[in-house]
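One structure below.
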Amino acid sequence: MVESVRPLAAVLVSAIAVVLIVASHRRPNVREGWSVVAALSKFAIVASMLPGVLDGTVYEWSLSGSLGVEFLHGIDFVLRADPLGMLFALLASFLWIFTSFYATGYMRGLDEHAQTRFFAAFAASLSTAIGIAFAGNLVTIFVFYELLSLVTYPLVAHNEDSEARIAGRKYLAYTFFGGGVFLLAGTVLVYWLTQPYLAQDAAPLAFEAGGMSALAEAAAADPAYAQAAFFLLIAGFGVKAAVMPLHSWLADAMVAPTPVSGLLHAVAVVKSGAFGVARVILEVYGVDLIRDLPLDVPAIGEVGLNVPIAILATFTLTAASIIAMRKDHLKRRLAFSTTAQLSYIVLGLSLLNPYAILGALFHIPAHAFAKLTLFFCAGAIHVETHTDYISEMAGIGKRMPLTMSAFTIGAAGMAGMPLIAGFVSKFYMLIGAGNMAAGGAWGYWIFAASLLVSGVLNIAYFWPVVYTAFFESEDRHDAKPLLEFPIGGERQSYAAEAGADDEHVAADGGSEPEPEHGSDRGPDAETVPELDPDGDETDESDEIEDDEEYEYAVDKYPSDHTVPDDGPRETVTGEHVGRVDHHGDRDDHHTGGPPIGGWQRTSPLSESTWLMLMPIVVIAIGAVVLGVVPGWAVFLDLAASVVETVTGVTVP
């Protein structure tokens, strides 16, 4: 172990950037420049410790060791860069670089309000995320865990409308009050249990590879309390990991700007929950203690502490995938996909097999690259076309070919297709579940089967998005979502309206017939519905569920840099009608879906600004690299190092 200030510097660099961002509020270029400089500096500091960590060195900074100040009575405030922390910190700091560019393009493209507050809160969020990664004990991680909820609240509630405020309050209720209470209770219980068994020079509540030795002794004397502390800690971290039934805050938080949904809700916030579960299983309790501390279940017998967690994760990844199939709002579908994918990590960790643990840890970066690509694409579609619903995206691949190609790569990664990052992580988890089942634990075949079934469900809810973008045309397309319910999507397909014997039922994504006057879907589509004085449809179908209707900032601060300067024109969709002047200003709701005449075909490099396209391309390439040459990816080496340290097994 080496004493070093670098773990502290990695935390503080973005905290200092907060002050600089606020001070530069009158100079937007300088303000965003500080975000990029802070991101590059943070990544450089974290990366400087990587060679040493891979060689077995642990870098540590403590409050008492540096300043001689005791944080709490007998408990130190410790930041420590070890392989598990480095895995999370390296990922978050690297992705923040490209998210900084993307956020600049997104916020400027929509002429968003309160941009200084946004970038300041964004920087503060990364500071607390790195604090979680480098926390050296349960108290330190609790402090940063709670701070992360507080500093991300302004991002979730950024739009300042009723939906955003409701989502923000729900986010705090779940993550700050709910998750925080569970985590604090578990931490206090572990402290109470381990205090009598601590060695003379041992640090209370400090993480130990393979589990706390004092906790193992305490569990032998008080198994019931040790079991209770385990489930409290898992519940506390499980809130941010969106494990059912503690998941509903995540989908509602999608009302936040897409850069927030991307990095904070695909990387920093939700990954902090999954990362915390990894700390508890691998470095608080340890694999051996969890196996040796079984639950006595009536009519079943003794089962390990890991089994209820594995069952809950299996249920979550299956149920969330089915729910995602019902969502027509693209970001809502991605949100439930995130809920499912996080449970892959929890499931892999709870299987307690070295290969499954390796797959779970590698799925942290694999999911981050693929899901960040998907969110970036959803944000680009929103900025450029004001389209948020899958049912309005037929043929959009012509308008945004590069964006939708990147979306296809991210979707393939989420489904676990070969040559994309998600395949590698899920392959290792499948091997781990199979090894456990072959070793005599026959019930583990259920977990192996759930991984396969979930992969099919991922294809089921992602393929319609890709298909409707590239292989359907604006005037002829099927209903969305895949499962037709009153919640979300068209109530029936255009094929159903035309009749089974209509020769135009099949959509081929080719040239579209010229639409009739007053129609944006072709000759068989219904005419534009009657509007009320506010420009909304008067039909009752406009009264949709609250989980499908969101008022984005674009409704108040519309984008104008992509509308051609060719005089007034009217854009009409199945849900919104608005007049666009030569500046592109919309006087009603944002106009999603194709304009009259269909999507205009554009070249890949002109479909959006470079500030948004560059991050999309780089992160999508990263997802491919992690899948094609995982051995070159340092994340796999870090995950393998963690597995070898906590289990004693060397995995290839």
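Going through the structure tokens in order, the chains are called A, B, and so on, while each chain numbers its residues from 1 and the ligands are numbered from 1 in the order shown.
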
Show me, as a compact mmCIF listing (two decimals) with N, CA and C atoms, in the first residue's frame, the residues that have an atom within 8 Å of Ala219 (chain A) when counting only C-alpha atoms, minus same-chain residues fewer than 5 positions from it.
```txt
# COMPACT_ATOMS: atom_id res chain seq x y z
N LEU A 193 -21.42 -5.24 15.05
CA LEU A 193 -21.06 -6.65 15.06
C LEU A 193 -19.54 -6.86 15.11
N ALA A 224 -27.84 -14.30 12.77
CA ALA A 224 -29.06 -13.60 12.38
C ALA A 224 -28.78 -12.12 12.13
N TYR A 225 -27.98 -11.51 13.00
CA TYR A 225 -27.65 -10.09 12.80
C TYR A 225 -26.79 -9.90 11.55
N ALA A 226 -25.88 -10.83 11.30
CA ALA A 226 -25.04 -10.74 10.10
C ALA A 226 -25.88 -10.88 8.84
N LEU A 293 -23.10 -18.88 5.54
CA LEU A 293 -24.10 -18.22 6.38
C LEU A 293 -25.48 -18.40 5.75
```

Would you mind listing what lies within 10 Å of Asp292 (chain A) as a PyMOL selection string, with only C-alpha atoms counted and same-chain residues fewer than 4 positions away left out? chain A and resi 216+219-220+223+287-288+303-305

Write out as a PyMOL selection string which residues come within 9 Å of Pro630 (chain A) when counting only C-alpha atoms, dropping same-chain ones fewer than 5 positions away. chain A and resi 421+424+625+635-636

As number ranges by chain, list the residues of region 311-460 of chain A assigned to alpha helix (DSSP H) by DSSP on the backbone atoms of this structure. A: 311-324, 330-350, 354-385, 396-399, 401-415, 421-438, 445-460

Residues within 10 Å of Val456 (chain A), please, as a PDB file with all heavy atoms, in the first residue's frame. Count only C-alpha atoms; anything in the same chain fewer than 5 positions from it doesn't count.
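Now in part_25.pdb:
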```pdb
ATOM      1  N   SER A 321     -37.472  -6.456 -18.937  1.00  0.00           N
ATOM      2  CA  SER A 321     -37.392  -6.642 -20.390  1.00  0.00           C
ATOM      3  C   SER A 321     -38.776  -6.716 -21.007  1.00  0.00           C
ATOM      4  O   SER A 321     -39.025  -6.168 -22.094  1.00  0.00           O
ATOM      5  CB  SER A 321     -36.599  -7.909 -20.714  1.00  0.00           C
ATOM      6  OG  SER A 321     -35.263  -7.813 -20.264  1.00  0.00           O
ATOM      7  N   ALA A 415     -28.147  -6.862 -26.426  1.00  0.00           N
ATOM      8  CA  ALA A 415     -28.725  -8.185 -26.661  1.00  0.00           C
ATOM      9  C   ALA A 415     -27.696  -9.304 -26.528  1.00  0.00           C
ATOM     10  O   ALA A 415     -28.053 -10.480 -26.591  1.00  0.00           O
ATOM     11  CB  ALA A 415     -29.369  -8.232 -28.045  1.00  0.00           C
ATOM     12  N   GLY A 416     -26.420  -8.934 -26.367  1.00  0.00           N
ATOM     13  CA  GLY A 416     -25.387  -9.949 -26.218  1.00  0.00           C
ATOM     14  C   GLY A 416     -24.978 -10.586 -27.526  1.00  0.00           C
ATOM     15  O   GLY A 416     -24.546 -11.750 -27.548  1.00  0.00           O
ATOM     16  N   SER A 450     -32.374 -18.058 -17.604  1.00  0.00           N
ATOM     17  CA  SER A 450     -32.855 -16.671 -17.600  1.00  0.00           C
ATOM     18  C   SER A 450     -31.940 -15.764 -18.407  1.00  0.00           C
ATOM     19  O   SER A 450     -32.402 -14.805 -19.046  1.00  0.00           O
ATOM     20  CB  SER A 450     -32.970 -16.161 -16.158  1.00  0.00           C
ATOM     21  OG  SER A 450     -31.685 -15.982 -15.572  1.00  0.00           O
ATOM     22  N   LEU A 451     -30.635 -16.056 -18.397  1.00  0.00           N
ATOM     23  CA  LEU A 451     -29.708 -15.256 -19.198  1.00  0.00           C
ATOM     24  C   LEU A 451     -29.990 -15.418 -20.687  1.00  0.00           C
ATOM     25  O   LEU A 451     -29.935 -14.454 -21.455  1.00  0.00           O
ATOM     26  CB  LEU A 451     -28.265 -15.668 -18.888  1.00  0.00           C
ATOM     27  CG  LEU A 451     -27.750 -15.330 -17.482  1.00  0.00           C
ATOM     28  CD1 LEU A 451     -26.397 -15.985 -17.236  1.00  0.00           C
ATOM     29  CD2 LEU A 451     -27.636 -13.821 -17.307  1.00  0.00           C
ATOM     30  N   TYR A 461     -37.206  -6.217 -27.999  1.00  0.00           N
ATOM     31  CA  TYR A 461     -37.589  -4.818 -27.824  1.00  0.00           C
ATOM     32  C   TYR A 461     -36.629  -3.836 -28.482  1.00  0.00           C
ATOM     33  O   TYR A 461     -36.945  -2.662 -28.616  1.00  0.00           O
ATOM     34  CB  TYR A 461     -37.820  -4.455 -26.350  1.00  0.00           C
ATOM     35  CG  TYR A 461     -36.646  -4.535 -25.410  1.00  0.00           C
ATOM     36  CD1 TYR A 461     -35.644  -3.578 -25.419  1.00  0.00           C
ATOM     37  CD2 TYR A 461     -36.566  -5.537 -24.445  1.00  0.00           C
ATOM     38  CE1 TYR A 461     -34.589  -3.630 -24.526  1.00  0.00           C
ATOM     39  CE2 TYR A 461     -35.521  -5.593 -23.546  1.00  0.00           C
ATOM     40  CZ  TYR A 461     -34.532  -4.639 -23.593  1.00  0.00           C
ATOM     41  OH  TYR A 461     -33.492  -4.688 -22.702  1.00  0.00           O
TER      42      TYR A 461
END
```

Proximity to Ile166 (chain A) - best of A:Thr104, A:Thr338, A:Ala406, A:Asp252, only C-alpha atoms: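 Closest to Ile166 (chain A) of all the choices is A:Asp252.
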
Where does region 173-270 of chain A meet region 49-73 of chain A within 12 Å, residue by residue, with the nearest atom pair and distance in Å to one decimal for each, counting only C-alpha atoms, listed by chain and rising number, as JSON lines?
```
{"residue": "A:Tyr191", "atom": "CA", "partner": "A:His73", "partner_atom": "CA", "distance": 11.9}
{"residue": "A:Ala203", "atom": "CA", "partner": "A:Ser62", "partner_atom": "CA", "distance": 11.5}
{"residue": "A:Pro204", "atom": "CA", "partner": "A:His73", "partner_atom": "CA", "distance": 10.3}
{"residue": "A:Leu205", "atom": "CA", "partner": "A:Leu72", "partner_atom": "CA", "distance": 11.9}
{"residue": "A:Ala206", "atom": "CA", "partner": "A:Ser62", "partner_atom": "CA", "distance": 11.9}
{"residue": "A:Ala209", "atom": "CA", "partner": "A:Val58", "partner_atom": "CA", "distance": 11.9}
```

Go ahead and save the picked residues with N, CA, C and O atoms, as a PDB file, in the first residue's frame.
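Dumped everything to out.pdb:
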```pdb
ATOM      1  N   TYR A 191     -20.787  -2.344  11.965  1.00  0.00           N
ATOM      2  CA  TYR A 191     -19.856  -1.761  12.937  1.00  0.00           C
ATOM      3  C   TYR A 191     -20.088  -2.362  14.321  1.00  0.00           C
ATOM      4  O   TYR A 191     -19.133  -2.730  15.022  1.00  0.00           O
ATOM      5  N   ALA A 203      -8.519  -1.343  10.969  1.00  0.00           N
ATOM      6  CA  ALA A 203      -9.367  -0.178  10.712  1.00  0.00           C
ATOM      7  C   ALA A 203     -10.825  -0.624  10.660  1.00  0.00           C
ATOM      8  O   ALA A 203     -11.169  -1.531   9.892  1.00  0.00           O
ATOM      9  N   PRO A 204     -11.699  -0.006  11.443  1.00  0.00           N
ATOM     10  CA  PRO A 204     -13.111  -0.402  11.433  1.00  0.00           C
ATOM     11  C   PRO A 204     -13.762  -0.165  10.073  1.00  0.00           C
ATOM     12  O   PRO A 204     -13.502   0.841   9.411  1.00  0.00           O
ATOM     13  N   LEU A 205     -14.584  -1.108   9.656  1.00  0.00           N
ATOM     14  CA  LEU A 205     -15.416  -1.015   8.452  1.00  0.00           C
ATOM     15  C   LEU A 205     -14.622  -0.907   7.159  1.00  0.00           C
ATOM     16  O   LEU A 205     -15.172  -0.571   6.110  1.00  0.00           O
ATOM     17  N   ALA A 206     -13.314  -1.181   7.198  1.00  0.00           N
ATOM     18  CA  ALA A 206     -12.493  -1.095   5.994  1.00  0.00           C
ATOM     19  C   ALA A 206     -12.762  -2.296   5.091  1.00  0.00           C
ATOM     20  O   ALA A 206     -12.939  -3.434   5.561  1.00  0.00           O
ATOM     21  N   ALA A 209     -10.229  -7.566   0.719  1.00  0.00           N
ATOM     22  CA  ALA A 209     -10.409  -8.526  -0.366  1.00  0.00           C
ATOM     23  C   ALA A 209     -10.794  -9.885   0.212  1.00  0.00           C
ATOM     24  O   ALA A 209     -10.094 -10.433   1.062  1.00  0.00           O
TER      25      ALA A 209
END
```

What's around region 399-401 of chain A at 7 Å? Count only C-alpha atoms, leave out sequence neighbours fewer than 6 positions away in its own chain, and write the answer as a PyMOL selection string. chain A and resi 599-602+604+607

Option closest in space to Leu282 (chain A), from A:Gly395, A:Gly410, A:Gly434, A:Gly211 [counting only C-alpha atoms]: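 Closest residue, counting only C-alpha atoms: A:Gly211.
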